[in-house]
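Pasted below: run.cif, mmCIF, C-alpha atoms.
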```
data_my_file
loop_
_atom_site.label_atom_id
_atom_site.label_comp_id
_atom_site.auth_asym_id
_atom_site.auth_seq_id
_atom_site.Cartn_x
_atom_site.Cartn_y
_atom_site.Cartn_z
CA MET A 257 25.09 11.17 -1.91
CA HIS A 258 28.84 10.53 -1.68
CA ILE A 259 30.70 12.03 1.26
CA PRO A 260 34.08 13.45 0.15
CA ASP A 261 37.31 13.42 2.13
CA GLY A 262 37.64 15.98 4.90
CA ILE A 263 33.98 16.07 5.93
CA LEU A 264 33.83 13.33 8.57
CA PRO A 265 35.90 13.26 11.79
CA THR A 266 38.61 10.57 11.94
CA VAL A 267 36.85 8.48 14.58
CA VAL A 268 33.68 8.30 12.43
CA TRP A 269 35.29 7.36 9.12
CA THR A 270 37.52 4.82 10.88
CA GLY A 271 34.48 3.24 12.55
CA ALA A 272 32.64 3.21 9.23
CA TYR A 273 35.61 1.38 7.64
CA VAL A 274 35.45 -1.28 10.36
CA ALA A 275 31.67 -1.71 10.01
CA SER A 276 31.69 -1.87 6.23
CA GLY A 277 34.69 -4.25 6.31
CA ALA A 278 32.74 -6.57 8.62
CA ILE A 279 29.65 -6.46 6.37
CA THR A 280 31.78 -7.16 3.30
CA ALA A 281 33.42 -10.15 5.01
CA TYR A 282 30.02 -11.49 6.11
CA SER A 283 28.60 -11.03 2.59
CA LEU A 284 31.55 -12.90 1.04
CA ARG A 285 31.05 -15.70 3.55
CA GLN A 286 27.39 -15.99 2.57
CA ILE A 287 28.36 -16.01 -1.11
CA ASN A 288 30.88 -18.82 -0.48
CA LYS A 289 28.13 -20.91 1.09
CA GLN A 290 26.19 -20.90 -2.18
CA GLU A 291 26.28 -23.98 -4.37
CA ASP A 292 28.12 -22.18 -7.19
CA PRO A 293 29.50 -18.84 -5.95
CA ARG A 294 30.80 -18.02 -9.46
CA ALA A 295 27.40 -18.35 -11.12
CA ALA A 296 26.33 -14.80 -10.29
CA VAL A 297 29.70 -13.17 -11.11
CA PRO A 298 28.64 -12.07 -14.64
CA LYS A 299 25.52 -10.41 -13.25
CA ALA A 300 27.52 -8.83 -10.39
CA ALA A 301 30.15 -7.48 -12.82
CA MET A 302 27.49 -5.98 -15.11
CA MET A 303 25.65 -4.39 -12.20
CA THR A 304 28.94 -3.00 -10.81
CA ALA A 305 29.58 -1.35 -14.19
CA ALA A 306 26.07 0.14 -14.11
CA PHE A 307 26.56 1.35 -10.52
CA PHE A 308 29.95 2.85 -11.44
CA VAL A 309 28.41 4.92 -14.24
CA ALA A 310 25.20 5.77 -12.38
CA SER A 311 26.82 8.36 -10.11
CA SER A 312 27.87 10.42 -13.11
CA ILE A 313 24.37 10.64 -14.56
CA PHE A 314 22.80 13.66 -12.97
CA VAL A 315 19.20 14.76 -12.90
CA PRO A 316 18.82 18.58 -12.97
CA MET A 317 16.44 20.02 -10.36
CA PRO A 318 14.81 23.44 -10.10
CA PRO A 319 16.20 25.79 -7.38
CA PRO A 320 16.50 25.70 -4.42
CA MET A 321 17.19 21.99 -4.93
CA THR A 322 20.52 20.91 -6.33
CA SER A 323 20.94 18.33 -9.09
CA ALA A 324 20.89 14.73 -7.95
CA HIS A 325 22.50 11.65 -9.43
CA LEU A 326 21.38 8.05 -9.80
CA ILE A 327 22.35 5.72 -6.94
CA LEU A 328 20.92 2.25 -7.77
CA ALA A 329 21.26 1.02 -4.16
CA GLY A 330 17.87 -0.73 -4.09
CA THR A 331 18.29 -2.04 -7.63
CA MET A 332 21.67 -3.54 -6.69
CA GLY A 333 20.08 -5.25 -3.68
CA VAL A 334 17.13 -6.70 -5.59
CA MET A 335 19.40 -7.91 -8.39
CA LEU A 336 22.44 -9.13 -6.48
CA GLY A 337 21.47 -10.25 -2.98
CA TRP A 338 24.65 -10.93 -0.98
CA TYR A 339 26.80 -9.82 -3.92
CA ALA A 340 25.40 -6.28 -3.63
CA PHE A 341 27.58 -4.98 -0.78
CA PRO A 342 30.97 -6.14 -2.21
CA ALA A 343 29.88 -4.92 -5.66
CA ILE A 344 29.02 -1.49 -4.24
CA VAL A 345 32.38 -1.30 -2.41
CA ILE A 346 34.22 -2.03 -5.69
CA GLY A 347 32.04 0.50 -7.53
CA LEU A 348 32.78 3.17 -4.91
CA ILE A 349 36.55 2.58 -5.06
CA LEU A 350 36.42 2.98 -8.84
CA GLN A 351 34.23 6.11 -8.61
CA ALA A 352 36.64 7.70 -6.11
CA ILE A 353 39.72 6.94 -8.23
CA VAL A 354 38.32 7.71 -11.68
CA PHE A 355 35.82 10.51 -11.04
CA GLY A 356 37.09 11.79 -7.67
CA HIS A 357 33.52 11.20 -6.57
CA GLY A 358 33.38 10.38 -2.86
CA GLY A 359 36.62 9.98 -0.98
CA ILE A 360 39.18 7.39 0.01
CA THR A 361 38.92 8.02 3.76
CA THR A 362 35.13 8.08 3.50
CA LEU A 363 34.89 4.88 1.47
CA GLY A 364 33.56 2.93 4.46
CA ALA A 365 30.91 5.54 5.23
CA ASN A 366 29.81 5.69 1.58
CA ALA A 367 29.65 1.88 1.49
CA LEU A 368 27.32 1.97 4.51
CA ILE A 369 25.20 4.72 2.91
CA MET A 370 24.62 2.76 -0.31
CA GLY A 371 25.32 -0.84 0.69
CA THR A 372 23.08 -1.09 3.76
CA PRO A 373 19.89 -0.14 1.86
CA ALA A 374 20.91 -2.65 -0.84
CA LEU A 375 21.11 -5.50 1.68
CA ILE A 376 17.86 -4.50 3.37
CA MET A 377 16.01 -4.26 0.05
CA SER A 378 17.47 -7.61 -1.02
CA ALA A 379 16.24 -9.30 2.17
CA LEU A 380 12.78 -7.72 1.87
CA PHE A 381 12.47 -8.63 -1.80
CA GLN A 382 13.43 -12.25 -1.19
CA ARG A 383 11.24 -12.56 1.89
CA LEU A 384 8.14 -11.02 0.31
CA VAL A 385 8.43 -12.31 -3.22
CA ALA A 386 10.34 -15.61 -3.38
CA LYS A 387 7.37 -17.89 -2.75
CA ARG A 388 4.83 -15.99 -4.83
CA PRO A 389 3.93 -16.98 -8.39
CA PRO A 390 6.17 -15.16 -10.91
CA ASP A 391 3.22 -13.56 -12.70
CA ASP A 392 2.02 -11.94 -9.47
CA LYS A 393 1.60 -8.14 -9.66
CA PHE A 394 2.74 -7.93 -6.04
CA THR A 395 6.26 -8.82 -7.25
CA LEU A 396 6.34 -5.65 -9.35
CA ILE A 397 5.08 -3.50 -6.48
CA VAL A 398 7.79 -4.88 -4.18
CA ALA A 399 10.41 -4.35 -6.91
CA PHE A 400 9.31 -0.72 -7.32
CA LEU A 401 9.43 -0.19 -3.56
CA GLY A 402 12.87 -1.86 -3.47
CA GLY A 403 14.30 0.64 -5.96
CA PHE A 404 12.41 3.58 -4.42
CA ALA A 405 13.13 2.85 -0.76
CA GLY A 406 16.79 2.09 -1.53
CA VAL A 407 17.31 5.76 -2.45
CA ILE A 408 15.23 7.08 0.46
CA LEU A 409 17.11 4.94 2.97
CA ALA A 410 20.48 5.94 1.48
CA ALA A 411 19.46 9.61 1.85
CA ALA A 412 18.45 9.00 5.48
CA ILE A 413 21.81 7.38 6.35
CA TYR A 414 23.67 10.17 4.52
CA TYR A 415 21.72 12.76 6.52
CA SER A 416 22.59 10.99 9.79
CA PHE A 417 26.30 10.94 8.94
CA ILE A 418 26.40 14.63 7.97
CA ILE A 419 24.21 16.10 10.68
CA GLY A 420 25.55 13.81 13.39
CA THR A 421 29.12 14.94 12.81
CA LEU A 422 28.86 18.70 12.22
CA PRO A 423 31.92 20.65 13.40
CA ALA A 424 31.36 23.06 16.29
CA ASP A 425 32.17 26.18 14.26
CA ILE A 426 29.64 25.54 11.50
CA ASN A 427 26.26 27.26 11.13
CA ARG A 428 24.22 24.22 12.16
CA ALA A 429 20.80 25.46 11.01
CA ALA A 430 22.10 26.37 7.55
CA GLU A 431 23.82 23.01 7.09
CA ILE A 432 20.73 21.08 8.25
CA ASN A 433 18.59 23.09 5.84
CA ALA A 434 20.99 22.48 2.92
CA THR A 435 21.20 18.75 3.68
CA ILE A 436 17.40 18.41 3.84
CA ILE A 437 17.12 20.13 0.45
CA LEU A 438 19.78 17.77 -0.97
CA CYS A 439 17.93 14.72 0.37
CA LEU A 440 14.59 15.98 -1.02
CA SER A 441 16.27 16.45 -4.41
CA HIS A 442 16.61 12.67 -4.52
CA LEU A 443 12.85 12.03 -4.43
CA PRO A 444 12.46 12.09 -8.25
CA VAL A 445 15.57 9.85 -8.45
CA ALA A 446 13.86 7.39 -6.09
CA ILE A 447 10.79 7.26 -8.37
CA VAL A 448 12.94 6.74 -11.48
CA GLU A 449 14.94 3.96 -9.79
CA GLY A 450 11.74 2.34 -8.51
CA LEU A 451 10.30 2.26 -12.04
CA PHE A 452 13.59 0.99 -13.49
CA THR A 453 13.81 -1.81 -10.91
CA ALA A 454 10.19 -2.85 -11.49
CA ALA A 455 10.69 -2.91 -15.27
CA LEU A 456 13.90 -4.93 -14.92
CA VAL A 457 12.24 -7.45 -12.58
CA ARG A 458 9.20 -7.65 -14.88
CA TYR A 459 11.48 -8.60 -17.76
CA LEU A 460 13.70 -11.01 -15.82
CA ARG A 461 10.88 -12.94 -14.18
CA ARG A 462 9.75 -13.93 -17.69
CA THR A 463 13.18 -14.76 -19.11
CA ARG A 464 15.49 -15.67 -16.20
CA PRO A 465 13.54 -15.65 -12.89
CA ASP A 466 16.45 -17.50 -11.24
CA LEU A 467 18.64 -14.40 -11.78
CA ILE A 468 16.56 -12.56 -9.19
CA GLY A 469 15.98 -15.54 -6.94
CA LEU A 470 12.47 -16.35 -8.18
CA THR A 471 11.13 -19.80 -8.95
CA PRO A 472 10.61 -20.37 -12.70
CA ALA A 473 6.99 -20.40 -13.80
CA ILE A 474 5.49 -23.82 -14.47
CA SER A 475 3.87 -23.54 -17.87
CA PRO A 476 0.41 -25.15 -18.03
CA SER A 477 0.31 -28.12 -20.39
CA MET B 169 18.74 -23.65 -21.87
CA LYS B 170 18.72 -21.47 -24.98
CA GLN B 171 16.04 -19.27 -23.50
CA ASN B 172 18.03 -18.96 -20.28
CA ASN B 173 21.14 -17.79 -22.16
CA ARG B 174 19.01 -15.34 -24.07
CA GLY B 175 17.76 -13.95 -20.77
CA GLN B 176 21.32 -13.43 -19.51
CA ARG B 177 22.32 -11.75 -22.76
CA HIS B 178 19.27 -9.52 -22.69
CA LEU B 179 20.36 -8.23 -19.28
CA TRP B 180 23.24 -6.64 -21.20
CA LEU B 181 20.73 -4.79 -23.37
CA TRP B 182 19.07 -3.38 -20.27
CA LEU B 183 22.28 -2.06 -18.78
CA LEU B 184 23.99 -1.02 -22.03
CA PRO B 185 22.08 2.29 -22.45
CA LEU B 186 23.20 3.22 -18.94
CA LEU B 187 26.82 2.40 -19.75
CA LEU B 188 26.73 4.28 -23.03
CA LEU B 189 25.49 7.52 -21.51
CA PRO B 190 28.38 9.99 -21.76
CA THR B 191 29.97 10.74 -18.40
CA ILE B 192 29.85 14.47 -18.93
CA ALA B 193 29.13 15.48 -15.36
CA TYR B 194 30.13 14.08 -12.04
CA ALA B 195 27.33 15.30 -9.83
CA HIS B 196 28.37 16.91 -6.60
CA GLY B 197 32.10 16.82 -6.98
CA THR B 198 33.32 20.36 -6.36
CA VAL B 199 35.47 22.87 -8.18
CA ILE B 200 36.92 25.41 -5.77
CA THR B 201 38.95 28.30 -7.14
CA LEU B 202 41.04 30.33 -4.72
CA GLY B 203 42.53 33.66 -5.71
CA ILE B 204 44.32 36.66 -4.24
CA ALA B 205 42.57 39.95 -5.00
CA THR B 206 44.67 42.62 -3.30
CA PRO B 207 46.82 41.01 -0.59
CA PRO B 208 45.77 39.99 1.97
CA THR B 209 42.27 39.56 0.44
CA ILE B 210 41.53 35.97 -0.56
CA THR B 211 38.72 35.25 -3.03
CA ILE B 212 36.83 31.96 -3.26
CA ASN B 213 34.62 30.70 -6.04
CA ALA B 214 32.81 27.46 -5.17
CA LEU B 215 31.02 25.41 -7.83
CA TYR B 216 29.79 21.84 -8.16
CA ASP B 217 31.45 20.05 -11.04
CA THR B 218 28.13 20.26 -12.88
CA GLY B 219 28.82 24.02 -13.07
CA GLU B 220 26.11 24.90 -10.54
CA PRO B 221 27.25 27.35 -7.83
CA MET B 222 27.60 26.07 -4.27
CA SER B 223 25.03 28.59 -3.24
CA GLU B 224 25.41 29.83 0.35
CA ALA B 225 28.21 27.38 1.07
CA GLN B 226 29.76 27.74 4.49
CA ILE B 227 33.35 28.93 4.69
CA LEU B 228 35.50 27.98 7.68
CA VAL B 229 39.01 29.42 7.81
CA TYR B 230 41.57 27.84 10.16
CA ALA B 231 44.71 29.83 10.95
CA ALA B 232 48.15 28.21 10.95
CA ASP B 233 48.54 28.59 14.73
CA ASP B 234 45.18 26.93 15.64
CA PRO B 235 43.95 24.27 13.22
CA ARG B 236 41.15 23.13 15.57
CA ASN B 237 39.12 26.31 16.04
CA ALA B 238 37.89 28.39 13.14
CA TRP B 239 39.66 31.75 12.88
CA HIS B 240 36.94 33.11 10.61
CA THR B 241 33.56 31.84 9.36
CA GLY B 242 31.23 33.11 6.66
CA THR B 243 28.74 32.21 3.97
CA ALA B 244 29.22 32.41 0.21
CA ASP B 245 26.69 34.32 -1.89
CA THR B 246 24.21 32.57 -4.19
CA ALA B 247 26.85 32.45 -6.96
CA GLY B 248 29.28 30.65 -4.63
CA ASN B 249 31.58 33.68 -4.22
CA TYR B 250 33.24 34.80 -1.00
CA GLN B 251 36.19 36.90 0.10
CA PHE B 252 38.00 37.61 3.34
CA ASP B 253 41.21 39.21 4.59
CA LEU B 254 44.01 37.02 5.97
CA ASP B 255 46.18 37.98 8.92
CA THR B 256 49.60 37.77 7.29
CA ASN B 257 51.25 38.01 10.71
CA ILE B 258 50.30 34.37 11.32
CA GLU B 259 52.91 32.43 9.39
CA GLY B 260 52.41 28.86 8.11
CA GLN B 261 49.76 26.67 6.51
CA TRP B 262 46.17 27.91 6.67
CA SER B 263 43.23 25.74 5.71
CA ILE B 264 39.88 26.73 4.29
CA ALA B 265 36.90 24.38 4.44
CA ILE B 266 34.16 25.09 1.92
CA ARG B 267 31.08 22.92 2.42
CA THR B 268 27.34 22.69 2.02
CA ALA B 269 25.06 19.69 2.63
CA GLY B 270 28.04 17.43 3.25
CA HIS B 271 29.73 18.30 -0.04
CA GLY B 272 32.86 20.37 -0.28
CA GLU B 273 36.62 20.54 -0.04
CA ILE B 274 39.43 21.63 2.20
CA ARG B 275 41.98 23.85 0.51
CA TYR B 276 45.30 25.15 1.81
CA LEU B 277 47.38 28.28 1.49
CA TYR B 278 50.75 29.27 2.93
CA VAL B 279 51.77 32.54 4.51
CA ALA B 280 55.53 33.16 4.43
CA ARG B 281 57.51 35.05 7.10
CA ASN B 282 57.59 38.13 4.84
CA GLY B 283 53.78 37.98 4.43
CA ASP B 284 53.78 36.48 0.92
CA ILE B 285 50.77 34.25 0.25
CA THR B 286 51.00 31.07 -1.83
CA LEU B 287 47.81 29.27 -2.84
CA GLU B 288 47.79 25.52 -3.24
CA GLN B 289 46.20 24.73 -6.60
CA PRO B 290 45.52 21.02 -7.01
CA GLU B 291 46.10 19.55 -10.44
CA LYS B 292 42.95 18.87 -12.40
CA ARG B 293 42.87 15.76 -14.54
CA PRO B 294 41.86 16.52 -18.14
CA LEU B 295 38.39 15.32 -19.18
CA TRP B 296 39.74 13.01 -21.89
CA GLN B 297 41.85 11.18 -19.30
CA THR B 298 38.85 10.65 -17.02
CA ALA B 299 36.76 9.45 -19.97
CA LEU B 300 39.52 7.02 -21.00
CA MET B 301 39.85 5.64 -17.45
CA ALA B 302 36.06 5.23 -17.17
CA THR B 303 35.95 3.39 -20.49
CA ILE B 304 38.74 1.04 -19.39
CA VAL B 305 36.90 0.28 -16.14
CA ILE B 306 33.62 -0.45 -17.97
CA VAL B 307 35.32 -2.65 -20.57
CA ALA B 308 37.18 -4.54 -17.81
CA LEU B 309 33.96 -5.18 -15.85
CA LEU B 310 32.08 -6.29 -18.94
CA GLY B 311 35.09 -8.48 -19.83
CA ILE B 312 34.82 -10.19 -16.44
CA ALA B 313 31.08 -10.69 -17.00
CA TRP B 314 31.68 -12.15 -20.46
CA TYR B 315 34.50 -14.46 -19.23
CA TYR B 316 32.55 -15.95 -16.34
CA SER B 317 29.43 -16.17 -18.48
CA SER B 318 31.26 -18.18 -21.17
CA GLN B 319 32.90 -20.39 -18.50
CA GLY B 320 29.44 -21.15 -17.13
CA GLU B 321 28.12 -22.05 -20.57
CA LYS B 322 31.13 -24.36 -21.15
CA ASN B 323 30.50 -26.13 -17.85
CA HIS B 324 26.83 -26.61 -18.75
CA ALA B 325 27.84 -28.03 -22.15
CA HIS B 326 30.27 -30.54 -20.54
CA SER B 327 27.81 -31.75 -17.93
#
```
Step by step, read the file and then write its structure as structure tokens.
Amino acid sequence: MHIPDGILPTVVWTGAYVASGAITAYSLRQINKQEDPRAAVPKAAMMTAAFFVASSIFVPMPPPMTSAHLILAGTMGVMLGWYAFPAIVIGLILQAIVFGHGGITTLGANALIMGTPALIMSALFQRLVAKRPPDDKFTLIVAFLGGFAGVILAAAIYYSFIIGTLPADINRAAEINATIILCLSHLPVAIVEGLFTAALVRYLRRTRPDLIGLTPAISPS
Amino acid sequence: MKQNNRGQRHLWLWLLPLLLLPTIAYAHGTVITLGIATPPTITINALYDTGEPMSEAQILVYAADDPRNAWHTGTADTAGNYQFDLDTNIEGQWSIAIRTAGHGEIRYLYVARNGDITLEQPEKRPLWQTALMATIVIVALLGIAWYYSSQGEKNHAHS
């Protein structure tokens, strides 16, 4: 789900840099407005480490699908809120330098592919769950959908970038077919990430609900 | 407060198994091997870095005198293999794009005035070096988490 260097035309990757730069700046501004912007740094650093490693854990698929790797876009959003986009940008820079996974010119595009779903899932999670009681099963369903839809949305944005910028000389039908197969290969990944996110939220709402923006449970006395 | 700190620490336990998984494969990076069979025949072997072939990858060859329009196009076989004949009369840097589903690489070769072909072979970083760099990154990020976490606990203790 990472676009390497040399795939996107200059005008597209430049535009993606501008857009992702603007979103990063806006996210940092929102973080600075918080009462204690440093409070979530440990969580953001841990999640960035997890995101960094996730792209190197691949899930084999039967042919004609290709293997897919973990993405954690939705999980990052549910866990980090406004911290998610800057954390994903840092994770992508590290992945490009250390693993050669993704590219330097395509960093902005990759940030949009993985960071946008994270922000959307974060907003949905907070909007749908924040005021509900922490023991509500609905919270877990939303958490699952957050992890699941994060991957699906990332695949959709990836598809748009690739198919919307195909060079004139390429066999268009073959490339569309290959990209659809690649995106479908991420369906099991979406289920795994949905389950992981739900399990993580289930645990945190009992121990540290504030870490995921939930109100602590009032114990009956 | 104790329970809260326990919750933060337990988040480490959730993410630790992920961090400890060996980074043995970097899904969907590519390993492209160019070769010269009998000049001017160029051979291409295209694999993902998981070892899977880039089955039916598209090959776009751009000649040195026209880098905008493909001079030759083709499709690799299911094992990711392809070959084509260069026109050694066109001197200069040729580029070959190998891609499928948005993954791939652009590789270069040079045709000299006398028709000699030189392939550009990018240096591959050894696996141990990548593993070491990844470990340093993970330790640094966890170090940041630990530092800010302990600062937060100190502030709570003072207030």
Long-range neighbours of Leu348 in chain A as a PyMOL selection string, 9 Å cut-off, all atoms listed in the file, 2 positions minimum in chain: chain A and resi 258+307-308+343-346+350-353+357-359+363+366-367
Closest to Gln319 in chain B among A:Ala296, A:Ile360, A:Ala410, A:Leu438, using only C-alpha atoms?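 Distance minimum relative to Gln319 in chain B lands on A:Ala296.
The residues returned by the PyMOL selection byres ((chain B and resi 260) around 8) for this structure are B:Ala232, B:Asp233, B:Ile258, B:Glu259, B:Gln261, B:Trp262, B:Tyr278, B:Val279, B:Ala280.
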For range 270-273 of chain A, please output as a PyMOL selection string all residues within 12 Å (counting all atoms listed in the file; exclusion window: fewer than 3 positions along the same chain). chain A and resi 264-267+276-280+345+360-369+371-372+413+417
Tell me, counting only C-alpha atoms, for each residue of chain A within 7 Å of chain B, which pair of atoms is nearest and how far apart they are in Å to one decimal, in rows ordered by chain and increasing number, as a Markdown table.
```
| residue | atom | partner | partner_atom | distance |
| --- | --- | --- | --- | --- |
| A:Ile259 | CA | B:Gly270 | CA | 6.3 |
| A:Pro260 | CA | B:His271 | CA | 6.5 |
| A:Gly262 | CA | B:Ile274 | CA | 6.5 |
| A:Ile263 | CA | B:Gly270 | CA | 6.7 |
| A:Ala295 | CA | B:Gly320 | CA | 6.9 |
| A:Val297 | CA | B:Ala313 | CA | 6.5 |
| A:Pro298 | CA | B:Ala313 | CA | 3.7 |
| A:Lys299 | CA | B:Ala313 | CA | 6.7 |
| A:Ala301 | CA | B:Ala313 | CA | 5.4 |
| A:Met302 | CA | B:Leu310 | CA | 6.0 |
| A:Ala305 | CA | B:Ile306 | CA | 5.6 |
| A:Ala306 | CA | B:Leu187 | CA | 6.1 |
| A:Val309 | CA | B:Leu187 | CA | 6.3 |
| A:Ser311 | CA | B:Tyr194 | CA | 6.9 |
| A:Ser312 | CA | B:Tyr194 | CA | 4.4 |
| A:Ile313 | CA | B:Thr191 | CA | 6.8 |
| A:Phe314 | CA | B:Ala195 | CA | 5.8 |
| A:Ala324 | CA | B:Ala195 | CA | 6.7 |
| A:His325 | CA | B:Ala195 | CA | 6.1 |
| A:Val354 | CA | B:Thr298 | CA | 6.1 |
| A:Phe355 | CA | B:Thr298 | CA | 6.7 |
| A:His357 | CA | B:Gly197 | CA | 5.8 |
| A:Ile418 | CA | B:Gly270 | CA | 5.7 |
| A:Asp425 | CA | B:Ala238 | CA | 6.2 |
| A:Glu431 | CA | B:Ala269 | CA | 5.7 |
| A:Ala434 | CA | B:Ala269 | CA | 4.9 |
| A:Thr435 | CA | B:Ala269 | CA | 4.1 |
| A:Leu438 | CA | B:Ala269 | CA | 6.7 |
| A:Thr463 | CA | B:Gly175 | CA | 4.9 |
| A:Arg464 | CA | B:Gly175 | CA | 5.4 |
```
Work out how far CA of Leu396 in chain A is from CA of Met257 in chain A, in Å to one decimal.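 Computing the Euclidean distance for CA of Met257 in chain A and CA of Leu396 in chain A yields 26.3 Å.
Atom pair CA of Leu409 in chain A / CA of Pro373 in chain A: separated by 5.9 Å.
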Which distance in Å separates CA of Leu422 in chain A and CA of Val268 in chain A, to one decimal? 11.5 Å
Run the PyMOL selection byres ((chain A and resi 340) around 9) mentally over the shown coordinates, then write out the matched residues as an mmCIF file with C-alpha atoms, keeping the file's coordinate frame, using the chain letters and numbers from the document.
```
data_model
loop_
_atom_site.group_PDB
_atom_site.id
_atom_site.type_symbol
_atom_site.label_atom_id
_atom_site.label_comp_id
_atom_site.auth_asym_id
_atom_site.auth_seq_id
_atom_site.Cartn_x
_atom_site.Cartn_y
_atom_site.Cartn_z
ATOM 1 C CA SER A 283 28.600 -11.030 2.590
ATOM 2 C CA ALA A 300 27.520 -8.830 -10.390
ATOM 3 C CA MET A 303 25.650 -4.390 -12.200
ATOM 4 C CA THR A 304 28.940 -3.000 -10.810
ATOM 5 C CA ALA A 329 21.260 1.020 -4.160
ATOM 6 C CA MET A 332 21.670 -3.540 -6.690
ATOM 7 C CA GLY A 333 20.080 -5.250 -3.680
ATOM 8 C CA VAL A 334 17.130 -6.700 -5.590
ATOM 9 C CA MET A 335 19.400 -7.910 -8.390
ATOM 10 C CA LEU A 336 22.440 -9.130 -6.480
ATOM 11 C CA GLY A 337 21.470 -10.250 -2.980
ATOM 12 C CA TRP A 338 24.650 -10.930 -0.980
ATOM 13 C CA TYR A 339 26.800 -9.820 -3.920
ATOM 14 C CA PHE A 341 27.580 -4.980 -0.780
ATOM 15 C CA PRO A 342 30.970 -6.140 -2.210
ATOM 16 C CA ALA A 343 29.880 -4.920 -5.660
ATOM 17 C CA ILE A 344 29.020 -1.490 -4.240
ATOM 18 C CA VAL A 345 32.380 -1.300 -2.410
ATOM 19 C CA GLY A 371 25.320 -0.840 0.690
ATOM 20 C CA ALA A 374 20.910 -2.650 -0.840
ATOM 21 C CA LEU A 375 21.110 -5.500 1.680
ATOM 22 C CA SER A 378 17.470 -7.610 -1.020
#
```
Evaluate the PyMOL selection byres ((chain B and resi 290) around 10) against this structure - the residues, as a PyMOL selection string, please. chain B and resi 200-201+275-276+287-289+291-293
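Nearest-residue note for Thr395 in chain A: choosing from A:Ala411, A:Gly356, A:Ala379, A:Val457, the minimum distance belongs to A:Val457, counting all atoms listed in the file.
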